[in-house]
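*Asks:* Supplied structure: upload_17.pdb, PDB, C-alpha atoms, pLDDT in the B column.
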```
ATOM      1  CA  MET A 265      19.875  21.053  -9.919  1.00 48.00           C
ATOM      2  CA  LYS A 266      20.843  17.404  -9.848  1.00 49.00           C
ATOM      3  CA  PHE A 267      18.865  14.438  -8.581  1.00 49.00           C
ATOM      4  CA  LYS A 268      20.506  11.162  -7.691  1.00 49.00           C
ATOM      5  CA  LYS A 269      20.019   8.141  -5.492  1.00 48.00           C
ATOM      6  CA  ILE A 270      22.294   7.854  -2.492  1.00 41.00           C
ATOM      7  CA  LEU A 271      22.871   5.107   0.054  1.00 40.00           C
ATOM      8  CA  PRO A 272      24.052   6.644   3.335  1.00 41.00           C
ATOM      9  CA  TYR A 273      24.365   4.382   6.352  1.00 36.00           C
ATOM     10  CA  ILE A 274      22.557   1.498   4.615  1.00 38.00           C
ATOM     11  CA  ILE A 275      23.746  -2.082   4.968  1.00 36.00           C
ATOM     12  CA  GLU A 276      21.243  -3.560   2.520  1.00 39.00           C
ATOM     13  CA  VAL A 277      19.133  -2.026  -0.231  1.00 53.00           C
ATOM     14  CA  ASN A 278      15.976  -3.697  -1.495  1.00 66.00           C
ATOM     15  CA  LYS A 279      12.695  -2.930  -3.208  1.00 78.00           C
ATOM     16  CA  PHE A 280      11.163  -1.634   0.031  1.00 87.00           C
ATOM     17  CA  TYR A 281      13.566   1.213   0.774  1.00 89.00           C
ATOM     18  CA  GLY A 282      15.163   4.118  -1.072  1.00 87.00           C
ATOM     19  CA  CYS A 283      17.154   7.163  -0.055  1.00 86.00           C
ATOM     20  CA  PHE A 284      17.270  10.149  -2.413  1.00 87.00           C
ATOM     21  CA  LEU A 285      19.283  13.359  -2.506  1.00 85.00           C
ATOM     22  CA  PHE A 286      18.201  16.731  -3.906  1.00 86.00           C
ATOM     23  CA  GLU A 287      20.906  19.405  -4.147  1.00 81.00           C
ATOM     24  CA  PRO A 288      21.806  22.181  -4.368  1.00 83.00           C
ATOM     25  CA  LEU A 289      18.661  23.980  -3.226  1.00 85.00           C
ATOM     26  CA  GLU A 290      18.254  27.601  -2.225  1.00 87.00           C
ATOM     27  CA  ILE A 291      17.830  28.378   1.468  1.00 91.00           C
ATOM     28  CA  GLY A 292      14.261  27.500   2.489  1.00 90.00           C
ATOM     29  CA  GLN A 293      13.552  25.275  -0.513  1.00 88.00           C
ATOM     30  CA  GLY A 294      14.506  22.049   1.262  1.00 89.00           C
ATOM     31  CA  ILE A 295      11.615  22.035   3.712  1.00 93.00           C
ATOM     32  CA  THR A 296       9.226  23.296   0.996  1.00 92.00           C
ATOM     33  CA  LEU A 297      10.066  20.438  -1.370  1.00 90.00           C
ATOM     34  CA  GLY A 298      10.350  17.850   1.402  1.00 92.00           C
ATOM     35  CA  ASN A 299       6.977  18.722   2.914  1.00 94.00           C
ATOM     36  CA  ALA A 300       5.203  18.705  -0.457  1.00 94.00           C
ATOM     37  CA  LEU A 301       6.743  15.374  -1.447  1.00 93.00           C
ATOM     38  CA  ARG A 302       5.972  13.721   1.878  1.00 94.00           C
ATOM     39  CA  ARG A 303       2.318  14.828   1.918  1.00 95.00           C
ATOM     40  CA  THR A 304       1.849  13.713  -1.687  1.00 95.00           C
ATOM     41  CA  LEU A 305       3.436  10.319  -1.059  1.00 94.00           C
ATOM     42  CA  LEU A 306       1.274   9.666   1.995  1.00 93.00           C
ATOM     43  CA  SER A 307      -2.045  10.702   0.446  1.00 92.00           C
ATOM     44  CA  GLU A 308      -2.046  10.712  -3.368  1.00 93.00           C
ATOM     45  CA  LEU A 309      -0.516   7.430  -4.563  1.00 94.00           C
ATOM     46  CA  THR A 310      -2.865   4.591  -5.519  1.00 93.00           C
ATOM     47  CA  GLY A 311      -2.765   0.974  -4.420  1.00 93.00           C
ATOM     48  CA  TYR A 312      -4.940  -2.097  -3.904  1.00 94.00           C
ATOM     49  CA  GLY A 313      -6.772  -3.127  -0.766  1.00 94.00           C
ATOM     50  CA  ILE A 314      -9.601  -5.355   0.490  1.00 95.00           C
ATOM     51  CA  THR A 315     -12.892  -3.464   0.801  1.00 94.00           C
ATOM     52  CA  ASN A 316     -15.321  -6.339   1.485  1.00 94.00           C
ATOM     53  CA  ILE A 317     -15.120  -9.990   2.485  1.00 94.00           C
ATOM     54  CA  LYS A 318     -17.518 -12.928   2.607  1.00 93.00           C
ATOM     55  CA  ILE A 319     -16.977 -15.813   5.041  1.00 91.00           C
ATOM     56  CA  ASN A 320     -19.458 -18.665   4.497  1.00 88.00           C
ATOM     57  CA  ASN A 321     -22.853 -17.041   5.176  1.00 82.00           C
ATOM     58  CA  ILE A 322     -22.120 -14.996   8.277  1.00 86.00           C
ATOM     59  CA  LYS A 323     -23.680 -11.548   8.450  1.00 81.00           C
ATOM     60  CA  HIS A 324     -21.128  -9.541  10.456  1.00 82.00           C
ATOM     61  CA  GLU A 325     -17.673  -9.701  12.022  1.00 81.00           C
ATOM     62  CA  PHE A 326     -19.026 -10.652  15.473  1.00 83.00           C
ATOM     63  CA  ASN A 327     -20.392 -14.025  14.363  1.00 82.00           C
ATOM     64  CA  VAL A 328     -18.590 -17.146  15.531  1.00 81.00           C
ATOM     65  CA  ILE A 329     -17.493 -20.108  13.394  1.00 83.00           C
ATOM     66  CA  GLU A 330     -16.856 -22.993  15.787  1.00 84.00           C
ATOM     67  CA  TYR A 331     -14.322 -24.893  13.657  1.00 84.00           C
ATOM     68  CA  LEU A 332     -12.029 -21.848  13.301  1.00 88.00           C
ATOM     69  CA  LYS A 333      -9.195 -21.278  15.738  1.00 89.00           C
ATOM     70  CA  GLU A 334      -9.470 -17.483  15.324  1.00 89.00           C
ATOM     71  CA  ASP A 335     -12.480 -15.231  15.595  1.00 90.00           C
ATOM     72  CA  ILE A 336     -13.589 -13.145  12.599  1.00 91.00           C
ATOM     73  CA  LEU A 337     -11.895  -9.959  13.793  1.00 92.00           C
ATOM     74  CA  GLU A 338      -8.527 -11.736  13.954  1.00 94.00           C
ATOM     75  CA  ILE A 339      -9.023 -13.064  10.431  1.00 94.00           C
ATOM     76  CA  ILE A 340      -9.805  -9.543   9.197  1.00 94.00           C
ATOM     77  CA  LEU A 341      -6.588  -8.201  10.737  1.00 95.00           C
ATOM     78  CA  ASN A 342      -4.611 -10.974   9.039  1.00 95.00           C
ATOM     79  CA  LEU A 343      -6.271 -10.271   5.690  1.00 96.00           C
ATOM     80  CA  LYS A 344      -5.314  -6.586   5.910  1.00 94.00           C
ATOM     81  CA  GLU A 345      -1.653  -7.633   5.922  1.00 95.00           C
ATOM     82  CA  ILE A 346      -1.909  -9.082   2.402  1.00 95.00           C
ATOM     83  CA  ILE A 347      -0.099  -6.968  -0.215  1.00 95.00           C
ATOM     84  CA  PHE A 348      -1.537  -6.923  -3.747  1.00 94.00           C
ATOM     85  CA  LYS A 349       0.224  -5.841  -6.916  1.00 91.00           C
ATOM     86  CA  ASN A 350      -0.960  -5.316 -10.472  1.00 88.00           C
ATOM     87  CA  GLN A 351       1.525  -7.194 -12.650  1.00 84.00           C
ATOM     88  CA  THR A 352       0.253  -5.755 -15.952  1.00 78.00           C
ATOM     89  CA  PHE A 353      -0.237  -2.288 -17.398  1.00 69.00           C
ATOM     90  CA  GLN A 354      -4.028  -2.724 -17.400  1.00 71.00           C
ATOM     91  CA  ASN A 355      -5.801  -0.417 -14.972  1.00 75.00           C
ATOM     92  CA  THR A 356      -7.703  -2.964 -12.844  1.00 74.00           C
ATOM     93  CA  LEU A 357     -10.197  -1.109 -10.641  1.00 83.00           C
ATOM     94  CA  LYS A 358     -11.889  -4.070  -8.975  1.00 87.00           C
ATOM     95  CA  SER A 359     -11.272  -7.784  -8.631  1.00 90.00           C
ATOM     96  CA  LYS A 360     -12.303 -10.834  -6.617  1.00 92.00           C
ATOM     97  CA  ALA A 361     -10.332 -13.577  -4.934  1.00 94.00           C
ATOM     98  CA  PHE A 362     -11.668 -16.646  -3.158  1.00 94.00           C
ATOM     99  CA  LEU A 363     -10.644 -19.863  -1.471  1.00 93.00           C
ATOM    100  CA  ILE A 364     -12.522 -23.055  -0.612  1.00 92.00           C
ATOM    101  CA  VAL A 365     -11.035 -25.388   1.993  1.00 91.00           C
ATOM    102  CA  ASN A 366     -12.611 -28.611   3.286  1.00 89.00           C
ATOM    103  CA  GLU A 367      -9.812 -30.039   5.416  1.00 88.00           C
ATOM    104  CA  SER A 368      -8.248 -29.017   8.696  1.00 88.00           C
ATOM    105  CA  GLY A 369      -4.975 -27.119   8.712  1.00 91.00           C
ATOM    106  CA  ILE A 370      -3.350 -23.719   8.339  1.00 93.00           C
ATOM    107  CA  ILE A 371      -4.658 -21.363   5.661  1.00 93.00           C
ATOM    108  CA  THR A 372      -2.261 -18.863   4.083  1.00 95.00           C
ATOM    109  CA  ALA A 373      -2.676 -16.232   1.361  1.00 95.00           C
ATOM    110  CA  ASN A 374      -1.294 -18.478  -1.396  1.00 94.00           C
ATOM    111  CA  LYS A 375      -4.535 -20.513  -1.352  1.00 94.00           C
ATOM    112  CA  PHE A 376      -6.515 -17.641  -2.922  1.00 94.00           C
ATOM    113  CA  CYS A 377      -7.629 -17.887  -6.550  1.00 93.00           C
ATOM    114  CA  PHE A 378      -8.131 -14.671  -8.538  1.00 91.00           C
ATOM    115  CA  LEU A 379     -10.892 -14.071 -11.047  1.00 84.00           C
ATOM    116  CA  ASN A 380      -8.675 -11.376 -12.560  1.00 79.00           C
ATOM    117  CA  LYS A 381      -5.189 -12.682 -13.328  1.00 82.00           C
ATOM    118  CA  ASN A 382      -3.707  -9.169 -13.363  1.00 86.00           C
ATOM    119  CA  LEU A 383      -3.355  -9.129  -9.575  1.00 90.00           C
ATOM    120  CA  ILE A 384      -0.859 -11.130  -7.563  1.00 92.00           C
ATOM    121  CA  ILE A 385      -0.107 -11.467  -3.834  1.00 93.00           C
ATOM    122  CA  LEU A 386       3.393 -10.373  -2.855  1.00 93.00           C
ATOM    123  CA  ASN A 387       3.395 -12.110   0.540  1.00 93.00           C
ATOM    124  CA  PRO A 388       1.799 -15.520  -0.200  1.00 94.00           C
ATOM    125  CA  THR A 389       2.892 -16.961   3.153  1.00 95.00           C
ATOM    126  CA  GLN A 390       0.768 -14.440   5.067  1.00 95.00           C
ATOM    127  CA  TYR A 391      -1.169 -16.349   7.735  1.00 96.00           C
ATOM    128  CA  ILE A 392      -4.973 -16.144   7.544  1.00 95.00           C
ATOM    129  CA  CYS A 393      -6.437 -18.683   9.988  1.00 93.00           C
ATOM    130  CA  THR A 394      -6.480 -22.325  11.096  1.00 92.00           C
ATOM    131  CA  LEU A 395      -9.271 -24.852  10.580  1.00 91.00           C
ATOM    132  CA  VAL A 396      -9.543 -27.342  13.417  1.00 89.00           C
ATOM    133  CA  ASN A 397     -12.108 -29.597  11.689  1.00 84.00           C
ATOM    134  CA  SER A 398     -12.570 -30.850   8.121  1.00 77.00           C
ATOM    135  CA  LEU A 399     -15.584 -28.713   7.272  1.00 81.00           C
ATOM    136  CA  ASN A 400     -16.255 -26.500   4.285  1.00 87.00           C
ATOM    137  CA  PHE A 401     -14.777 -23.033   4.643  1.00 90.00           C
ATOM    138  CA  TYR A 402     -15.382 -20.356   2.015  1.00 93.00           C
ATOM    139  CA  LEU A 403     -13.663 -16.972   1.995  1.00 94.00           C
ATOM    140  CA  GLU A 404     -14.136 -14.329  -0.695  1.00 94.00           C
ATOM    141  CA  LEU A 405     -12.339 -10.994  -1.058  1.00 94.00           C
ATOM    142  CA  ILE A 406     -13.398  -7.866  -2.935  1.00 94.00           C
ATOM    143  CA  ILE A 407     -10.218  -6.026  -3.922  1.00 94.00           C
ATOM    144  CA  GLU A 408     -10.335  -2.457  -5.225  1.00 93.00           C
ATOM    145  CA  ARG A 409      -7.933   0.179  -6.412  1.00 93.00           C
ATOM    146  CA  GLY A 410      -7.928   3.496  -4.565  1.00 92.00           C
ATOM    147  CA  LYS A 411      -5.856   6.002  -2.665  1.00 91.00           C
ATOM    148  CA  GLY A 412      -5.585   7.132   0.934  1.00 89.00           C
ATOM    149  CA  TYR A 413      -7.706   5.572   3.671  1.00 91.00           C
ATOM    150  CA  LYS A 414     -11.341   4.574   3.231  1.00 91.00           C
ATOM    151  CA  LEU A 415     -13.737   3.902   6.099  1.00 91.00           C
ATOM    152  CA  LYS A 416     -15.958   0.808   6.091  1.00 87.00           C
ATOM    153  CA  GLU A 417     -19.041   3.024   5.762  1.00 87.00           C
ATOM    154  CA  GLU A 418     -17.752   4.087   2.339  1.00 86.00           C
ATOM    155  CA  ASN A 419     -17.288   0.440   1.299  1.00 82.00           C
ATOM    156  CA  LEU A 420     -20.842  -0.692   2.074  1.00 83.00           C
ATOM    157  CA  ASN A 421     -22.168  -3.239  -0.414  1.00 77.00           C
ATOM    158  CA  LEU A 422     -25.729  -4.203  -1.305  1.00 70.00           C
ATOM    159  CA  ASP A 423     -24.908  -7.865  -0.719  1.00 71.00           C
ATOM    160  CA  SER A 424     -25.954  -8.548   2.879  1.00 74.00           C
ATOM    161  CA  ASN A 425     -23.455 -11.414   3.142  1.00 81.00           C
ATOM    162  CA  LEU A 426     -20.511  -9.112   2.561  1.00 90.00           C
ATOM    163  CA  ILE A 427     -18.640  -7.600   5.507  1.00 92.00           C
ATOM    164  CA  SER A 428     -17.259  -4.118   4.812  1.00 92.00           C
ATOM    165  CA  LEU A 429     -13.762  -3.206   6.009  1.00 93.00           C
ATOM    166  CA  ASP A 430     -11.709  -0.095   6.572  1.00 93.00           C
ATOM    167  CA  THR A 431      -9.152  -0.017   3.746  1.00 94.00           C
ATOM    168  CA  ASN A 432      -5.690   1.492   3.509  1.00 93.00           C
ATOM    169  CA  PHE A 433      -4.779   1.741  -0.180  1.00 94.00           C
ATOM    170  CA  ASN A 434      -1.527   3.652   0.292  1.00 94.00           C
ATOM    171  CA  PRO A 435       1.573   1.644  -0.752  1.00 95.00           C
ATOM    172  CA  ILE A 436       3.844   3.967   1.265  1.00 95.00           C
ATOM    173  CA  LYS A 437       4.789   2.747   4.740  1.00 93.00           C
ATOM    174  CA  LYS A 438       6.916   5.677   5.824  1.00 93.00           C
ATOM    175  CA  ALA A 439       8.382   8.854   4.322  1.00 93.00           C
ATOM    176  CA  ASN A 440      10.859  11.085   6.134  1.00 93.00           C
ATOM    177  CA  TYR A 441      13.292  13.809   5.136  1.00 93.00           C
ATOM    178  CA  LYS A 442      15.981  16.014   6.582  1.00 92.00           C
ATOM    179  CA  VAL A 443      17.602  19.225   5.388  1.00 93.00           C
ATOM    180  CA  LYS A 444      21.213  20.205   5.914  1.00 91.00           C
ATOM    181  CA  LEU A 445      23.369  23.144   4.838  1.00 90.00           C
ATOM    182  CA  ILE A 446      26.064  22.618   2.205  1.00 86.00           C
ATOM    183  CA  TYR A 447      28.437  24.742   0.117  1.00 86.00           C
ATOM    184  CA  ASP A 448      28.199  24.759  -3.653  1.00 81.00           C
ATOM    185  CA  LYS A 449      31.273  24.864  -5.903  1.00 80.00           C
ATOM    186  CA  TYR A 450      31.335  28.656  -5.646  1.00 83.00           C
ATOM    187  CA  GLY A 451      31.434  28.581  -1.842  1.00 84.00           C
ATOM    188  CA  LYS A 452      27.862  29.781  -1.418  1.00 87.00           C
ATOM    189  CA  ILE A 453      25.609  28.293   1.280  1.00 91.00           C
ATOM    190  CA  LYS A 454      22.889  26.040  -0.140  1.00 88.00           C
ATOM    191  CA  GLU A 455      20.578  23.325   1.162  1.00 88.00           C
ATOM    192  CA  SER A 456      20.604  19.585   0.657  1.00 88.00           C
ATOM    193  CA  LEU A 457      17.412  17.517   0.988  1.00 89.00           C
ATOM    194  CA  ILE A 458      17.793  13.856   1.949  1.00 89.00           C
ATOM    195  CA  PHE A 459      14.600  11.842   1.518  1.00 89.00           C
ATOM    196  CA  ASP A 460      14.000   8.383   3.040  1.00 89.00           C
ATOM    197  CA  LEU A 461      11.182   6.290   1.625  1.00 91.00           C
ATOM    198  CA  TYR A 462       9.717   2.916   2.627  1.00 93.00           C
ATOM    199  CA  THR A 463       7.065   1.101   0.539  1.00 93.00           C
ATOM    200  CA  ASN A 464       5.125  -2.143   1.013  1.00 93.00           C
ATOM    201  CA  GLY A 465       6.817  -3.642  -2.069  1.00 91.00           C
ATOM    202  CA  SER A 466       3.926  -3.190  -4.511  1.00 91.00           C
ATOM    203  CA  ILE A 467       5.736  -0.168  -5.970  1.00 91.00           C
ATOM    204  CA  SER A 468       9.436   0.609  -6.027  1.00 88.00           C
ATOM    205  CA  PRO A 469      10.703   3.599  -4.004  1.00 89.00           C
ATOM    206  CA  GLN A 470      12.041   5.296  -7.136  1.00 85.00           C
ATOM    207  CA  ARG A 471       8.784   4.906  -9.036  1.00 89.00           C
ATOM    208  CA  SER A 472       6.725   6.146  -6.083  1.00 90.00           C
ATOM    209  CA  LEU A 473       8.939   9.234  -5.866  1.00 89.00           C
ATOM    210  CA  ASN A 474       8.615   9.817  -9.613  1.00 88.00           C
ATOM    211  CA  GLU A 475       4.825   9.467  -9.380  1.00 92.00           C
ATOM    212  CA  SER A 476       4.614  11.998  -6.542  1.00 92.00           C
ATOM    213  CA  LEU A 477       6.829  14.466  -8.431  1.00 89.00           C
ATOM    214  CA  LYS A 478       4.602  14.068 -11.483  1.00 92.00           C
ATOM    215  CA  ILE A 479       1.488  14.768  -9.377  1.00 93.00           C
ATOM    216  CA  LEU A 480       3.073  17.950  -7.973  1.00 92.00           C
ATOM    217  CA  ILE A 481       4.221  19.129 -11.410  1.00 89.00           C
ATOM    218  CA  GLU A 482       0.733  18.637 -12.885  1.00 90.00           C
ATOM    219  CA  LEU A 483      -0.838  20.418  -9.909  1.00 89.00           C
ATOM    220  CA  PHE A 484       1.376  23.498 -10.060  1.00 86.00           C
ATOM    221  CA  SER A 485       1.418  23.672 -13.857  1.00 86.00           C
ATOM    222  CA  SER A 486      -2.383  23.979 -13.845  1.00 83.00           C
ATOM    223  CA  PHE A 487      -2.019  27.344 -12.050  1.00 82.00           C
ATOM    224  CA  LEU A 488       0.605  28.814 -14.385  1.00 77.00           C
ATOM    225  CA  TYR A 489      -1.886  30.570 -16.686  1.00 70.00           C
ATOM    226  CA  PHE A 490      -4.986  31.638 -14.779  1.00 62.00           C
TER
END
```
Reformat the file's structure so that it appears as structure tokens.

*Replies:*
Amino acid sequence: MKFKKILPYIIEVNKFYGCFLFEPLEIGQGITLGNALRRTLLSELTGYGITNIKINNIKHEFNVIEYLKEDILEIILNLKEIIFKNQTFQNTLKSKAFLIVNESGIITANKFCFLNKNLIILNPTQYICTLVNSLNFYLELIIERGKGYKLKEENLNLDSNLISLDTNFNPIKKANYKVKLIYDKYGKIKESLIFDLYTNGSISPQRSLNESLKILIELFSSFLYF
């Protein structure tokens, strides 16, 4: 079996997209491998996401801050678009970021300061909100490492000033595959698996595929000697 990266029908290749080819496979193995890889990619990889926020001293997302152009729910949706990446090999499980603004204007993600310098924001121009008056505005983020999707009820915090959010930790945006029939060098019919993978940029497509293959190998190897 050989494994290589291919670029079919792609005008531009970047850190968000990868296309991979597995061949030759026996008949029926393409959909088996493709299904296992896709499910693992979409549920088992870890990433960073916002679990709780604090905005001034408001108690819940339905409060109103008069000097903000957006309501709290809009701000939450904008915050969920921020992409975090761990730039070191240290396994950071939890971190905080905050910003303090006392002048009117547009607030973007690059204004956040991190207590833990291991994390960075990959899209610093992400829009957060607009202040229409020069009043103190404080925004704090609780950022955690996890996998899959976590409901706000699972992120509840003892601090009554924190607003819990639903969190999507998965760095994979989309994973698709297709199987086609090929002939090997002996003229026998085999299968070819073509795998398309899109990430949010916090992990490269090749690394995410390697991580998912490692997870599958460790899972199946644990059942070899029972």

*Asks:* Just give me the gap between CA of Phe280 (chain A) and CA of Lys358 (chain A) in Å, one decimal is fine.

*Replies:*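 Interatomic distance here is 24.9 Å.
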
*Asks:* Can you tell me, as a PyMOL selection string, what residues are no more than 10 Å from Asn342 (chain A) when counting all atoms listed in the file, ignoring any on the same chain fewer than 5 positions away?

*Replies:* chain A and resi 336-337+372-373+390-393

*Asks:* Go ahead and write the selection's residues with C-alpha atoms as a PDB file, keeping the file's coordinate frame.

*Replies:*
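What landed in part-v2.pdb:
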```
ATOM      1  CA  ILE A 336     -13.589 -13.145  12.599  1.00 91.00           C
ATOM      2  CA  LEU A 337     -11.895  -9.959  13.793  1.00 92.00           C
ATOM      3  CA  THR A 372      -2.261 -18.863   4.083  1.00 95.00           C
ATOM      4  CA  ALA A 373      -2.676 -16.232   1.361  1.00 95.00           C
ATOM      5  CA  GLN A 390       0.768 -14.440   5.067  1.00 95.00           C
ATOM      6  CA  TYR A 391      -1.169 -16.349   7.735  1.00 96.00           C
ATOM      7  CA  ILE A 392      -4.973 -16.144   7.544  1.00 95.00           C
ATOM      8  CA  CYS A 393      -6.437 -18.683   9.988  1.00 93.00           C
TER       9      CYS A 393
END
```

*Asks:* I would like the residues chosen by the PyMOL selection byres ((chain A and resi 287) around 12) on the shown file; could you give them as a ChimeraX atom specification?

*Replies:* /A:265-270,284-286,288-291,293-294,297,443-449,453-459

*Asks:* For a quick check of understanding, using all atoms listed in the file, which of A:Thr296, A:Asn400, A:Ser466, A:Thr310 has the smallest distance to Ile347 (chain A)?

*Replies:*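 For Ile347 (chain A), the nearest of the candidates is A:Ser466.
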
*Asks:* Rounded to one decimal place, report the CA of Thr315 (chain A)-CA of Leu403 (chain A) distance in Å.

*Replies:*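 So the two atoms, CA of Thr315 (chain A) and CA of Leu403 (chain A), lie 13.6 Å apart.
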
*Asks:* For Ile407 (chain A), which of A:Cys283, A:Leu429, A:Ile322, A:Ala361 is the closest residue, counting only C-alpha atoms?

*Replies:*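 For Ile407 (chain A), the nearest of the given residues is A:Ala361.
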
*Asks:* Taking into account all atoms listed in the file, which residue in the set A:Phe433, A:Tyr441, A:Phe362, A:Phe487 is nearest to Glu404 (chain A)?

*Replies:* A:Phe362

*Asks:* Provide the CA of Glu418 (chain A) to CA of Phe348 (chain A) distance in Å, to one decimal place.

*Replies:* 20.5 Å

*Asks:* Could you pull the residues within 10 Å of region 421-427 of chain A, counting only C-alpha atoms, minus those fewer than 4 positions along the same chain, as number ranges by chain?

*Replies:* A: 315-325, 340, 404-406, 416-417

*Asks:* For the residues selected in the previous step, produce a file with C-alpha atoms as an mmCIF file, keeping the file's coordinate frame.

*Replies:*
```cif
data_model
loop_
_atom_site.group_PDB
_atom_site.id
_atom_site.type_symbol
_atom_site.label_atom_id
_atom_site.label_comp_id
_atom_site.auth_asym_id
_atom_site.auth_seq_id
_atom_site.Cartn_x
_atom_site.Cartn_y
_atom_site.Cartn_z
ATOM 1 C CA THR A 315 -12.892 -3.464 0.801
ATOM 2 C CA ASN A 316 -15.321 -6.339 1.485
ATOM 3 C CA ILE A 317 -15.120 -9.990 2.485
ATOM 4 C CA LYS A 318 -17.518 -12.928 2.607
ATOM 5 C CA ILE A 319 -16.977 -15.813 5.041
ATOM 6 C CA ASN A 320 -19.458 -18.665 4.497
ATOM 7 C CA ASN A 321 -22.853 -17.041 5.176
ATOM 8 C CA ILE A 322 -22.120 -14.996 8.277
ATOM 9 C CA LYS A 323 -23.680 -11.548 8.450
ATOM 10 C CA HIS A 324 -21.128 -9.541 10.456
ATOM 11 C CA GLU A 325 -17.673 -9.701 12.022
ATOM 12 C CA ILE A 340 -9.805 -9.543 9.197
ATOM 13 C CA GLU A 404 -14.136 -14.329 -0.695
ATOM 14 C CA LEU A 405 -12.339 -10.994 -1.058
ATOM 15 C CA ILE A 406 -13.398 -7.866 -2.935
ATOM 16 C CA LYS A 416 -15.958 0.808 6.091
ATOM 17 C CA GLU A 417 -19.041 3.024 5.762
#
```

*Asks:* Could you put an axis-aligned box around every listed atom of region 442-459 of chain A, padded by 5 Å on each side, and send me its centre and edge lengths in Å to one decimal, as lines of an AutoDock Vina configuration file?

*Replies:*
```
center_x = 23.0
center_y = 20.8
center_z = 0.3
size_x = 26.8
size_y = 27.9
size_z = 22.5
```

*Asks:* Looking at all atoms listed in the file, which of A:Leu415, A:Ile370, A:Ile346, A:Leu357 is the one that sits closest to Ile385 (chain A)?

*Replies:*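 Comparing A:Leu415, A:Ile370, A:Ile346, A:Leu357 against Ile385 (chain A), the winner is A:Ile346.
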
*Asks:* Given only C-alpha atoms as the basis, pick out the residue of A:Tyr402, A:Tyr462, A:Phe326, A:Tyr489 nearest to Arg302 (chain A).

*Replies:*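 Looking only at the distances to Arg302 (chain A), the closest residue turns out to be A:Tyr462.
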
*Asks:* Fewer than 5 positions away in the same chain doesn't count, so skip those; otherwise give me all residues within 7 Å of region 470-486 of chain A, counting all atoms listed in the file, as a PyMOL selection string.

*Replies:* chain A and resi 282+301+304-305

*Asks:* Given the choices A:Val328, A:Lys375, A:Gly369, A:Asn382, which gets closest to Gln354 (chain A) if the distance is worked out from only C-alpha atoms?

*Replies:* A:Asn382
